[in-house]
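As stored in run_35.pdb (PDB, C-alpha atoms and all ligand atoms):
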```
ATOM      1  CA  MET A   1     -33.913 -27.252   3.065
ATOM      2  CA  ARG A   2     -36.660 -25.576   1.020
ATOM      3  CA  THR A   3     -39.286 -23.536   2.840
ATOM      4  CA  PRO A   4     -42.430 -23.746   0.727
ATOM      5  CA  GLN A   5     -43.830 -20.427   2.050
ATOM      6  CA  GLU A   6     -40.909 -18.441   0.645
ATOM      7  CA  PRO A   7     -41.654 -17.248  -2.884
ATOM      8  CA  SER A   8     -39.041 -17.777  -5.579
ATOM      9  CA  PRO A   9     -37.687 -14.624  -7.154
ATOM     10  CA  THR A  10     -39.209 -13.941 -10.545
ATOM     11  CA  PHE A  11     -37.078 -13.490 -13.610
ATOM     12  CA  LEU A  12     -40.140 -12.837 -15.759
ATOM     13  CA  LEU A  13     -40.669  -9.447 -17.388
ATOM     14  CA  THR A  14     -44.364  -9.861 -18.086
ATOM     15  CA  GLY A  15     -46.173  -6.538 -18.461
ATOM     16  CA  ARG A  16     -42.912  -4.573 -18.771
ATOM     17  CA  ARG A  17     -41.829  -2.471 -21.726
ATOM     18  CA  ALA A  18     -38.114  -2.216 -22.425
ATOM     19  CA  LEU A  19     -36.216   0.239 -24.596
ATOM     20  CA  VAL A  20     -33.002  -1.255 -25.980
ATOM     21  CA  THR A  21     -30.618   1.014 -27.888
ATOM     22  CA  GLY A  22     -28.393  -0.481 -30.561
ATOM     23  CA  ALA A  23     -30.911  -3.312 -30.845
ATOM     24  CA  GLY A  24     -30.211  -4.165 -34.471
ATOM     25  CA  SER A  25     -27.091  -6.233 -33.890
ATOM     26  CA  GLY A  26     -24.813  -7.987 -31.417
ATOM     27  CA  ILE A  27     -25.489  -7.717 -27.696
ATOM     28  CA  GLY A  28     -28.478  -5.357 -28.068
ATOM     29  CA  ARG A  29     -30.246  -7.694 -30.469
ATOM     30  CA  ALA A  30     -29.681 -10.679 -28.165
ATOM     31  CA  ILE A  31     -30.964  -8.774 -25.111
ATOM     32  CA  ALA A  32     -34.077  -7.558 -26.959
ATOM     33  CA  VAL A  33     -35.049 -11.077 -28.041
ATOM     34  CA  ALA A  34     -34.345 -12.479 -24.561
ATOM     35  CA  TYR A  35     -36.532  -9.787 -22.988
ATOM     36  CA  ALA A  36     -39.350 -10.705 -25.378
ATOM     37  CA  ALA A  37     -38.924 -14.362 -24.398
ATOM     38  CA  ALA A  38     -39.190 -13.291 -20.735
ATOM     39  CA  GLY A  39     -42.480 -11.509 -21.463
ATOM     40  CA  ALA A  40     -41.550  -7.876 -22.155
ATOM     41  CA  ASP A  41     -42.691  -5.660 -25.007
ATOM     42  CA  LEU A  42     -39.897  -3.851 -26.823
ATOM     43  CA  VAL A  43     -38.972  -0.477 -28.189
ATOM     44  CA  LEU A  44     -35.978  -1.084 -30.448
ATOM     45  CA  LEU A  45     -33.654   1.774 -31.347
ATOM     46  CA  SER A  46     -31.000   1.738 -34.022
ATOM     47  CA  GLU A  47     -29.015   4.182 -36.088
ATOM     48  CA  ARG A  48     -29.378   2.217 -39.305
ATOM     49  CA  ASP A  49     -32.365   0.626 -40.973
ATOM     50  CA  ASN A  50     -31.607  -2.848 -39.590
ATOM     51  CA  LEU A  51     -34.441  -3.606 -37.158
ATOM     52  CA  ASP A  52     -36.861  -5.681 -39.270
ATOM     53  CA  GLU A  53     -35.257  -9.016 -38.483
ATOM     54  CA  VAL A  54     -34.966  -8.424 -34.726
ATOM     55  CA  ALA A  55     -38.532  -7.064 -34.585
ATOM     56  CA  GLU A  56     -39.697 -10.284 -36.214
ATOM     57  CA  ALA A  57     -37.744 -12.359 -33.670
ATOM     58  CA  VAL A  58     -39.302 -10.310 -30.830
ATOM     59  CA  ARG A  59     -42.833 -10.734 -32.221
ATOM     60  CA  ALA A  60     -42.272 -14.483 -32.560
ATOM     61  CA  HIS A  61     -42.398 -14.530 -28.748
ATOM     62  CA  GLY A  62     -45.808 -12.820 -28.748
ATOM     63  CA  ALA A  63     -44.337  -9.461 -27.720
ATOM     64  CA  THR A  64     -44.832  -6.125 -29.451
ATOM     65  CA  ALA A  65     -41.901  -4.420 -31.142
ATOM     66  CA  THR A  66     -41.769  -0.716 -31.988
ATOM     67  CA  CYS A  67     -38.848   0.207 -34.228
ATOM     68  CA  VAL A  68     -37.243   3.624 -33.966
ATOM     69  CA  ARG A  69     -34.394   4.898 -36.088
ATOM     70  CA  PHE A  70     -32.218   7.682 -34.707
ATOM     71  CA  ASP A  71     -28.566   8.673 -34.719
ATOM     72  CA  LEU A  72     -27.642   9.049 -31.040
ATOM     73  CA  ALA A  73     -24.621  11.121 -32.107
ATOM     74  CA  ASP A  74     -27.017  13.860 -33.297
ATOM     75  CA  VAL A  75     -26.236  16.349 -30.548
ATOM     76  CA  ALA A  76     -28.681  19.031 -31.674
ATOM     77  CA  GLY A  77     -31.670  16.723 -32.090
ATOM     78  CA  ARG A  78     -31.039  14.232 -29.296
ATOM     79  CA  ALA A  79     -32.640  15.819 -26.234
ATOM     80  CA  GLY A  80     -35.872  16.596 -28.093
ATOM     81  CA  PHE A  81     -35.962  13.153 -29.662
ATOM     82  CA  VAL A  82     -35.428  11.379 -26.321
ATOM     83  CA  GLU A  83     -38.162  13.359 -24.551
ATOM     84  CA  ALA A  84     -40.663  12.773 -27.382
ATOM     85  CA  LEU A  85     -39.817   9.054 -27.563
ATOM     86  CA  LEU A  86     -40.305   8.539 -23.825
ATOM     87  CA  ASP A  87     -43.503  10.618 -23.796
ATOM     88  CA  GLU A  88     -44.873   8.361 -26.495
ATOM     89  CA  HIS A  89     -43.629   5.070 -25.018
ATOM     90  CA  GLU A  90     -43.657   4.545 -21.247
ATOM     91  CA  VAL A  91     -40.686   2.291 -20.540
ATOM     92  CA  ASP A  92     -40.031   0.261 -17.389
ATOM     93  CA  VAL A  93     -36.572  -0.876 -18.473
ATOM     94  CA  LEU A  94     -33.889   1.076 -20.336
ATOM     95  CA  VAL A  95     -30.847  -0.699 -21.726
ATOM     96  CA  ASN A  96     -28.163   1.783 -22.775
ATOM     97  CA  ASN A  97     -26.402  -0.571 -25.150
ATOM     98  CA  ALA A  98     -25.537   1.480 -28.253
ATOM     99  CA  GLY A  99     -21.817   1.985 -28.492
ATOM    100  CA  VAL A 100     -18.928   2.648 -30.849
ATOM    101  CA  ILE A 101     -15.182   2.139 -30.682
ATOM    102  CA  ARG A 102     -12.268   3.719 -32.551
ATOM    103  CA  ARG A 103      -8.716   2.409 -32.502
ATOM    104  CA  ALA A 104      -5.530   4.447 -32.944
ATOM    105  CA  PRO A 105      -2.369   5.122 -30.919
ATOM    106  CA  SER A 106      -3.091   7.749 -28.264
ATOM    107  CA  GLU A 107      -0.251  10.076 -29.323
ATOM    108  CA  THR A 108      -1.956  10.653 -32.679
ATOM    109  CA  PHE A 109      -5.556   9.887 -31.706
ATOM    110  CA  PRO A 110      -7.844  12.069 -33.887
ATOM    111  CA  ASP A 111     -10.195  14.543 -32.212
ATOM    112  CA  HIS A 112     -13.220  13.263 -34.111
ATOM    113  CA  ASP A 113     -12.579   9.707 -32.853
ATOM    114  CA  TRP A 114     -12.457  11.076 -29.326
ATOM    115  CA  TYR A 115     -15.672  13.083 -29.611
ATOM    116  CA  ASP A 116     -17.662  10.524 -31.663
ATOM    117  CA  VAL A 117     -17.133   7.787 -29.078
ATOM    118  CA  ILE A 118     -17.803   9.941 -26.017
ATOM    119  CA  GLU A 119     -20.939  11.356 -27.688
ATOM    120  CA  VAL A 120     -22.632   7.985 -28.231
ATOM    121  CA  ASN A 121     -21.192   5.900 -25.380
ATOM    122  CA  THR A 122     -21.427   8.522 -22.631
ATOM    123  CA  HIS A 123     -23.453  11.631 -23.484
ATOM    124  CA  ALA A 124     -26.325   9.800 -25.196
ATOM    125  CA  ALA A 125     -26.446   7.215 -22.401
ATOM    126  CA  PHE A 126     -26.701  10.009 -19.828
ATOM    127  CA  HIS A 127     -29.441  11.838 -21.753
ATOM    128  CA  LEU A 128     -31.479   8.628 -22.068
ATOM    129  CA  ALA A 129     -30.950   7.672 -18.410
ATOM    130  CA  ARG A 130     -31.863  11.168 -17.218
ATOM    131  CA  ALA A 131     -35.084  11.297 -19.232
ATOM    132  CA  ALA A 132     -36.119   7.682 -18.519
ATOM    133  CA  GLY A 133     -35.095   7.939 -14.857
ATOM    134  CA  ARG A 134     -37.171  11.089 -14.313
ATOM    135  CA  ARG A 135     -40.264   9.305 -15.608
ATOM    136  CA  MET A 136     -39.493   6.113 -13.636
ATOM    137  CA  LEU A 137     -39.109   8.137 -10.424
ATOM    138  CA  ALA A 138     -42.513   9.728 -11.040
ATOM    139  CA  ARG A 139     -43.999   6.236 -11.408
ATOM    140  CA  ASP A 140     -42.086   4.766  -8.406
ATOM    141  CA  GLY A 141     -40.089   2.228 -10.335
ATOM    142  CA  GLY A 142     -37.909   1.131 -13.192
ATOM    143  CA  LYS A 143     -34.631  -0.447 -14.171
ATOM    144  CA  ILE A 144     -31.745   1.104 -16.041
ATOM    145  CA  ILE A 145     -28.979  -1.131 -17.325
ATOM    146  CA  ASN A 146     -25.894   0.419 -18.856
ATOM    147  CA  ILE A 147     -23.583  -1.677 -20.995
ATOM    148  CA  ALA A 148     -20.122  -0.954 -19.631
ATOM    149  CA  SER A 149     -17.001  -3.025 -20.440
ATOM    150  CA  VAL A 150     -13.944  -4.585 -18.885
ATOM    151  CA  LEU A 151     -12.460  -1.302 -20.141
ATOM    152  CA  SER A 152     -14.490   0.352 -17.359
ATOM    153  CA  PHE A 153     -11.652  -1.069 -15.211
ATOM    154  CA  GLN A 154      -8.694  -1.278 -17.594
ATOM    155  CA  GLY A 155      -7.061   0.987 -20.169
ATOM    156  CA  GLY A 156      -7.026  -1.264 -23.214
ATOM    157  CA  VAL A 157      -4.660  -0.736 -26.147
ATOM    158  CA  PHE A 158      -5.186   2.075 -28.714
ATOM    159  CA  VAL A 159      -8.723   2.840 -27.438
ATOM    160  CA  PRO A 160      -8.408   5.927 -25.197
ATOM    161  CA  SER A 161     -11.837   7.401 -25.974
ATOM    162  CA  TYR A 162     -13.546   4.035 -25.557
ATOM    163  CA  ALA A 163     -11.837   3.342 -22.209
ATOM    164  CA  ALA A 164     -12.682   6.860 -21.012
ATOM    165  CA  SER A 165     -16.313   6.490 -22.122
ATOM    166  CA  LYS A 166     -16.711   3.148 -20.357
ATOM    167  CA  HIS A 167     -15.063   4.404 -17.148
ATOM    168  CA  ALA A 168     -17.589   7.262 -17.316
ATOM    169  CA  ILE A 169     -20.459   4.790 -17.687
ATOM    170  CA  ALA A 170     -19.333   2.984 -14.537
ATOM    171  CA  GLY A 171     -19.241   6.287 -12.642
ATOM    172  CA  LEU A 172     -22.606   7.345 -14.031
ATOM    173  CA  THR A 173     -24.126   4.007 -12.982
ATOM    174  CA  ARG A 174     -22.958   4.501  -9.401
ATOM    175  CA  ALA A 175     -23.946   8.174  -9.298
ATOM    176  CA  LEU A 176     -27.499   7.534 -10.504
ATOM    177  CA  ALA A 177     -27.908   4.476  -8.270
ATOM    178  CA  ASN A 178     -26.802   6.516  -5.279
ATOM    179  CA  GLU A 179     -29.522   9.093  -5.951
ATOM    180  CA  TRP A 180     -32.327   6.818  -7.095
ATOM    181  CA  ALA A 181     -31.963   3.545  -5.124
ATOM    182  CA  GLY A 182     -34.245   4.788  -2.360
ATOM    183  CA  ARG A 183     -36.880   5.861  -4.868
ATOM    184  CA  GLY A 184     -37.564   2.570  -6.646
ATOM    185  CA  VAL A 185     -35.236   2.913  -9.609
ATOM    186  CA  ASN A 186     -32.435   0.384 -10.004
ATOM    187  CA  VAL A 187     -29.404   1.520 -11.977
ATOM    188  CA  ASN A 188     -26.819  -1.132 -12.747
ATOM    189  CA  ALA A 189     -24.359  -2.046 -15.481
ATOM    190  CA  ILE A 190     -23.043  -5.100 -17.257
ATOM    191  CA  ALA A 191     -19.360  -5.172 -18.139
ATOM    192  CA  PRO A 192     -18.798  -7.691 -20.923
ATOM    193  CA  GLY A 193     -15.350  -9.006 -21.721
ATOM    194  CA  TYR A 194     -14.480  -9.842 -25.318
ATOM    195  CA  VAL A 195     -17.637 -10.615 -27.297
ATOM    196  CA  GLU A 196     -17.844 -11.746 -30.923
ATOM    197  CA  THR A 197     -19.673  -8.767 -32.464
ATOM    198  CA  ALA A 198     -19.007  -5.955 -34.949
ATOM    199  CA  VAL A 199     -17.248  -3.912 -32.233
ATOM    200  CA  THR A 200     -14.454  -6.502 -32.037
ATOM    201  CA  GLU A 201     -14.274  -7.323 -35.746
ATOM    202  CA  GLY A 202     -10.976  -5.452 -36.192
ATOM    203  CA  LEU A 203      -9.419  -7.230 -33.218
ATOM    204  CA  ARG A 204     -10.558 -10.641 -34.382
ATOM    205  CA  GLU A 205      -9.153 -10.055 -37.864
ATOM    206  CA  ASP A 206      -5.708  -9.538 -36.304
ATOM    207  CA  ARG A 207      -4.886 -13.222 -35.804
ATOM    208  CA  GLU A 208      -2.001 -12.587 -33.420
ATOM    209  CA  ARG A 209      -3.996 -10.235 -31.176
ATOM    210  CA  ARG A 210      -6.980 -12.547 -31.253
ATOM    211  CA  ALA A 211      -4.830 -15.486 -30.122
ATOM    212  CA  GLU A 212      -3.227 -13.380 -27.354
ATOM    213  CA  ILE A 213      -6.638 -12.355 -26.035
ATOM    214  CA  THR A 214      -8.083 -15.865 -26.215
ATOM    215  CA  ALA A 215      -5.076 -17.244 -24.331
ATOM    216  CA  ARG A 216      -5.653 -14.699 -21.537
ATOM    217  CA  ILE A 217      -9.358 -15.521 -21.032
ATOM    218  CA  PRO A 218      -9.654 -18.104 -18.239
ATOM    219  CA  ALA A 219     -12.819 -19.526 -19.843
ATOM    220  CA  GLY A 220     -10.712 -20.213 -22.949
ATOM    221  CA  ARG A 221     -13.091 -18.576 -25.416
ATOM    222  CA  TRP A 222     -14.628 -15.257 -26.419
ATOM    223  CA  ALA A 223     -18.216 -14.566 -25.388
ATOM    224  CA  THR A 224     -21.132 -14.637 -27.772
ATOM    225  CA  PRO A 225     -23.974 -12.102 -27.364
ATOM    226  CA  GLN A 226     -26.005 -14.940 -25.862
ATOM    227  CA  ASP A 227     -23.606 -15.046 -22.886
ATOM    228  CA  ILE A 228     -24.762 -11.545 -21.903
ATOM    229  CA  VAL A 229     -28.533 -12.110 -21.889
ATOM    230  CA  GLY A 230     -28.885 -13.992 -18.585
ATOM    231  CA  PRO A 231     -27.354 -11.129 -16.565
ATOM    232  CA  ALA A 232     -29.430  -8.630 -18.597
ATOM    233  CA  VAL A 233     -32.686 -10.445 -17.835
ATOM    234  CA  PHE A 234     -31.717 -10.751 -14.169
ATOM    235  CA  LEU A 235     -30.979  -7.033 -13.771
ATOM    236  CA  ALA A 236     -34.275  -6.100 -15.478
ATOM    237  CA  SER A 237     -36.320  -8.451 -13.302
ATOM    238  CA  ALA A 238     -37.776  -8.304  -9.804
ATOM    239  CA  ALA A 239     -35.026 -10.737  -8.765
ATOM    240  CA  ALA A 240     -32.654  -7.740  -8.824
ATOM    241  CA  ASP A 241     -34.865  -5.327  -6.867
ATOM    242  CA  TYR A 242     -32.210  -4.886  -4.149
ATOM    243  CA  VAL A 243     -29.274  -4.641  -6.578
ATOM    244  CA  HIS A 244     -28.131  -1.033  -7.035
ATOM    245  CA  GLY A 245     -25.035   0.506  -8.587
ATOM    246  CA  HIS A 246     -23.521  -2.871  -9.397
ATOM    247  CA  ILE A 247     -21.278  -3.470 -12.377
ATOM    248  CA  LEU A 248     -21.799  -7.092 -13.256
ATOM    249  CA  VAL A 249     -18.700  -8.368 -15.007
ATOM    250  CA  VAL A 250     -19.394 -11.038 -17.641
ATOM    251  CA  ASP A 251     -15.932 -11.721 -18.999
ATOM    252  CA  GLY A 252     -15.090 -15.431 -18.786
ATOM    253  CA  GLY A 253     -12.780 -14.538 -15.896
ATOM    254  CA  TRP A 254     -10.672 -11.926 -17.787
ATOM    255  CA  LEU A 255     -10.459  -9.477 -14.868
ATOM    256  CA  CYS A 256      -9.572 -12.058 -12.258
ATOM    257  CA  ARG A 257      -6.506 -13.159 -14.223
TER
HETATM  258  P1  LIG B 301     -22.478  -3.871 -32.277
HETATM  259  O1  LIG B 301     -23.117  -5.069 -32.862
HETATM  260  O2  LIG B 301     -21.659  -3.015 -33.171
HETATM  261  O3  LIG B 301     -23.569  -3.016 -31.569
HETATM  262  C1  LIG B 301     -23.466  -1.642 -31.363
HETATM  263  C2  LIG B 301     -24.822  -1.061 -31.563
HETATM  264  O4  LIG B 301     -24.776   0.336 -31.260
HETATM  265  C3  LIG B 301     -25.288  -1.213 -32.999
HETATM  266  O5  LIG B 301     -26.564  -1.792 -33.019
HETATM  267  C4  LIG B 301     -25.319   0.223 -33.507
HETATM  268  O6  LIG B 301     -26.389   0.489 -34.381
HETATM  269  C5  LIG B 301     -25.523   1.019 -32.239
HETATM  270  N1  LIG B 301     -25.059   2.377 -32.472
HETATM  271  C6  LIG B 301     -23.789   2.781 -32.706
HETATM  272  N2  LIG B 301     -23.752   4.092 -32.937
HETATM  273  C7  LIG B 301     -25.021   4.528 -32.843
HETATM  274  C8  LIG B 301     -25.633   5.795 -32.986
HETATM  275  N3  LIG B 301     -24.915   6.875 -33.306
HETATM  276  N4  LIG B 301     -26.977   5.892 -32.835
HETATM  277  C9  LIG B 301     -27.712   4.805 -32.545
HETATM  278  N5  LIG B 301     -27.182   3.562 -32.393
HETATM  279  C10 LIG B 301     -25.853   3.440 -32.544
HETATM  280  O7  LIG B 301     -21.492  -4.304 -31.094
HETATM  281  P2  LIG B 301     -21.809  -4.882 -29.625
HETATM  282  O8  LIG B 301     -20.567  -5.543 -29.201
HETATM  283  O9  LIG B 301     -23.077  -5.629 -29.610
HETATM  284  O10 LIG B 301     -21.923  -3.547 -28.764
HETATM  285  C11 LIG B 301     -22.984  -3.309 -27.851
HETATM  286  C12 LIG B 301     -22.439  -2.658 -26.589
HETATM  287  O11 LIG B 301     -21.587  -3.582 -25.920
HETATM  288  C13 LIG B 301     -21.598  -1.413 -26.844
HETATM  289  O12 LIG B 301     -21.893  -0.423 -25.882
HETATM  290  C14 LIG B 301     -20.184  -1.928 -26.655
HETATM  291  O13 LIG B 301     -19.295  -0.922 -26.280
HETATM  292  C15 LIG B 301     -20.413  -2.918 -25.542
HETATM  293  N6  LIG B 301     -19.355  -3.893 -25.346
HETATM  294  C16 LIG B 301     -19.000  -4.731 -26.348
HETATM  295  C17 LIG B 301     -17.977  -5.636 -26.127
HETATM  296  C18 LIG B 301     -17.528  -6.591 -27.198
HETATM  297  O14 LIG B 301     -16.502  -7.248 -27.013
HETATM  298  N7  LIG B 301     -18.229  -6.728 -28.298
HETATM  299  C19 LIG B 301     -17.310  -5.677 -24.896
HETATM  300  C20 LIG B 301     -17.703  -4.806 -23.898
HETATM  301  C21 LIG B 301     -18.733  -3.915 -24.128
HETATM  302  P3  LIG B 301     -26.121   0.495 -35.943
HETATM  303  O15 LIG B 301     -25.732  -0.892 -36.269
HETATM  304  O16 LIG B 301     -27.418   0.933 -36.503
HETATM  305  O17 LIG B 301     -25.003   1.482 -36.160
END
```
What does the file become when written as C-alpha cells?
Ligand code: NAP
Amino acid sequence: MRTPQEPSPTFLLTGRRALVTGAGSGIGRAIAVAYAAAGADLVLLSERDNLDEVAEAVRAHGATATCVRFDLADVAGRAGFVEALLDEHEVDVLVNNAGVIRRAPSETFPDHDWYDVIEVNTHAAFHLARAAGRRMLARDGGKIINIASVLSFQGGVFVPSYAASKHAIAGLTRALANEWAGRGVNVNAIAPGYVETAVTEGLREDRERRAEITARIPAGRWATPQDIVGPAVFLASAAADYVHGHILVVDGGWLCR
C-alpha cells in the first residue's frame, strides 16, 4: 500500500550539467538527448566535427549544449585539455562513453590496434574520471558513469584489446566507487550487449555472425541506443544515490544465457 508521506525518487536532472564523451553518435548521442529531456545542460565531446545535430536536439529540450572537439587518443595533449575543460565547465555528471574497437585474430593482432583501443577506452576514461572526480569530491557530489560492455565479463572473438579495455573499465568503476562512495560521488557502469551502432557495423555486415548473435540474445533482437538511456538517466539521478560500483548489464539477457 502507498504511504503518501514517502517521497518518490526523482529521475529528473534539473540543474545538473553533464559531460558526455562520444556524444556525436550512437549511445552517447542518445544519452545526451535523454539527459536534456530530463532537465540537464550538456557538454558534448567528440573527436570529429559531428555535434551540430545533437546540440540542436539537446537545445530543443530547452537545455544548453556546449560542443567540444578533441581527440581523446592525443596522449600528449589530453591531461591539459581535460583539466582546462573541467575548470571551464563544472560538471555534475560524467559519462565516459567514447570508445573504439578493432577486430583481428589475437595471434596476429597489430600493436597499434592494441594501443589505440586501450588509449581511448581505458586511459582517457581514467583521466576524465580522475579529473572530474577530484572536482566532484571537493563539491561533495557527482555521478560518474562508465560505458562498459558484456565484454567486461566475456572474451569476445577477435577483439582482445577491446575485451581487455572493457574489463579494465569494470575494475576502474569498482576501484573508484570503493574510494569515493563515502564522499558523495557515485561511480557506476553500464554494460550494453549488442547495440546497433557504428561499433558493431562490421559484425552486422557479416550476415552469418549477425544471425548467430541474434539467435543467442534471449530478447530476440539487438539493442538500439534508446535501450541504454533509461539506465543512464537512472544512474545520473538522485534515484541512484545509494548505488555504487555497480555494473548495470543492459543486454537483452545475453549474459544469463
Ligand atoms: P559509436 O557510435 O561509434 O560511438 C563511439 C563514440 O566514441 C563516437 O561518438 C566517437 O566519436 C567517440 N570516439 C571514438 N574515438 C574517439 C576519440 N579518439 N576521441 C574522442 N571521441 C572518440 O558507437 P557506440 O556503440 O555508440 O559506442 C559508445 C560506447 O558504447 C563505446 O564505449 C562502446 O565500446 C560501448 N559499447 C557499445 C556496444 C555496441 O554494441 N554498440 C556494446 C557495448 C559497449 P567520433 O564519431 O567523433 O569518432
Give as a PyMOL selection string the residues surrounding ligand LIG 301 (chain B) up to a distance of 8 Å, considering all atoms listed in the file. chain A and resi 21-29+45-50+69-74+96-101+120-121+147-151+162+166+191-200+223+225
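What the PyMOL selection byres (((chain A and resi 165) around 9) and not hetatm) matches in the given file is Val117, Ile118, Glu119, Val120, Asn121, Thr122, His123, Ala148, Leu151, Ser152, Pro160, Ser161, Tyr162, Ala163, Ala164, Lys166, His167, Ala168, Ile169 and Ala170 of chain A.
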Target residues per the PyMOL selection byres (((chain A and resi 76-85) around 8) and not hetatm), formatted as a list in words:
Leu72, Ala73, Asp74, Val75, Leu86, Asp87, Glu88, His89, Ala124, His127, Leu128 and Ala131 of chain A
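Of the listed residues (A:Asp251, A:Thr64, A:Val58, A:Gly156), A:Val58 comes nearest to Ile31 in chain A; the distances count all atoms listed in the file.
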note - CA of Arg139 in chain A and CA of Ala63 in chain A are separated by 22.6 Å
Evaluating the PyMOL selection byres (((chain A and resi 219) around 12) and not hetatm) on the displayed file yields which residues, as a ChimeraX atom specification? /A:193-194,213-218,220-223,250-257
For range 115-131 of chain A, what centre and edge lengths in Å (one decimal) does the axis-aligned box get once 6 Å is added on each side of all its listed atoms, as AutoDock Vina command-line options?
```
--center_x -25.4 --center_y 9.5 --center_z -24.4 --size_x 31.4 --size_y 19.2 --size_z 26.4
```
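CA of Leu176 in chain A lies 11.2 Å from CA of Ala189 in chain A.
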Note to self: Please list as a PyMOL selection string every residue within 9 Å of range 32-34 of chain A, counting all atoms listed in the file and excluding residues in the same chain fewer than 5 positions away.
What the structure shows: chain A and resi 18-20+23+27+39-40+42-44+54-55+57-59+61+226+229-230+232-233
Would you fill the gaps in range 187-193 of chain A so it has all heavy atoms, then print it as a CSV table (one decimal), in the frame of the given file?
```
chain,number,residue,atom,x,y,z
A,187,VAL,N,-30.4,1.2,-10.9
A,187,VAL,CA,-29.4,1.5,-12.0
A,187,VAL,C,-28.2,0.6,-11.8
A,187,VAL,O,-27.5,0.6,-10.7
A,187,VAL,CB,-29.0,3.0,-12.0
A,187,VAL,CG1,-28.1,3.3,-13.2
A,187,VAL,CG2,-30.2,3.9,-11.9
A,188,ASN,N,-27.9,-0.2,-12.8
A,188,ASN,CA,-26.8,-1.1,-12.7
A,188,ASN,C,-26.2,-1.2,-14.1
A,188,ASN,O,-26.6,-0.6,-15.1
A,188,ASN,CB,-27.3,-2.5,-12.4
A,188,ASN,CG,-27.8,-2.6,-10.9
A,188,ASN,OD1,-27.0,-2.5,-10.0
A,188,ASN,ND2,-29.1,-2.7,-10.7
A,189,ALA,N,-25.1,-1.9,-14.2
A,189,ALA,CA,-24.4,-2.0,-15.5
A,189,ALA,C,-23.9,-3.5,-15.7
A,189,ALA,O,-23.7,-4.2,-14.7
A,189,ALA,CB,-23.2,-1.1,-15.5
A,190,ILE,N,-23.7,-3.8,-16.9
A,190,ILE,CA,-23.0,-5.1,-17.3
A,190,ILE,C,-21.7,-4.8,-18.0
A,190,ILE,O,-21.7,-3.9,-18.8
A,190,ILE,CB,-23.9,-5.9,-18.2
A,190,ILE,CG1,-25.2,-6.4,-17.5
A,190,ILE,CG2,-23.2,-7.1,-18.7
A,190,ILE,CD1,-26.3,-7.0,-18.4
A,191,ALA,N,-20.7,-5.4,-17.5
A,191,ALA,CA,-19.4,-5.2,-18.1
A,191,ALA,C,-18.9,-6.4,-18.9
A,191,ALA,O,-18.3,-7.3,-18.3
A,191,ALA,CB,-18.3,-4.8,-17.1
A,192,PRO,N,-19.2,-6.5,-20.2
A,192,PRO,CA,-18.8,-7.7,-20.9
A,192,PRO,C,-17.3,-7.7,-21.1
A,192,PRO,O,-16.7,-6.6,-21.2
A,192,PRO,CB,-19.5,-7.6,-22.3
A,192,PRO,CG,-20.6,-6.5,-22.1
A,192,PRO,CD,-20.0,-5.6,-21.0
A,193,GLY,N,-16.7,-8.9,-21.3
A,193,GLY,CA,-15.4,-9.0,-21.7
A,193,GLY,C,-15.3,-8.9,-23.2
A,193,GLY,O,-15.9,-8.0,-23.8
```
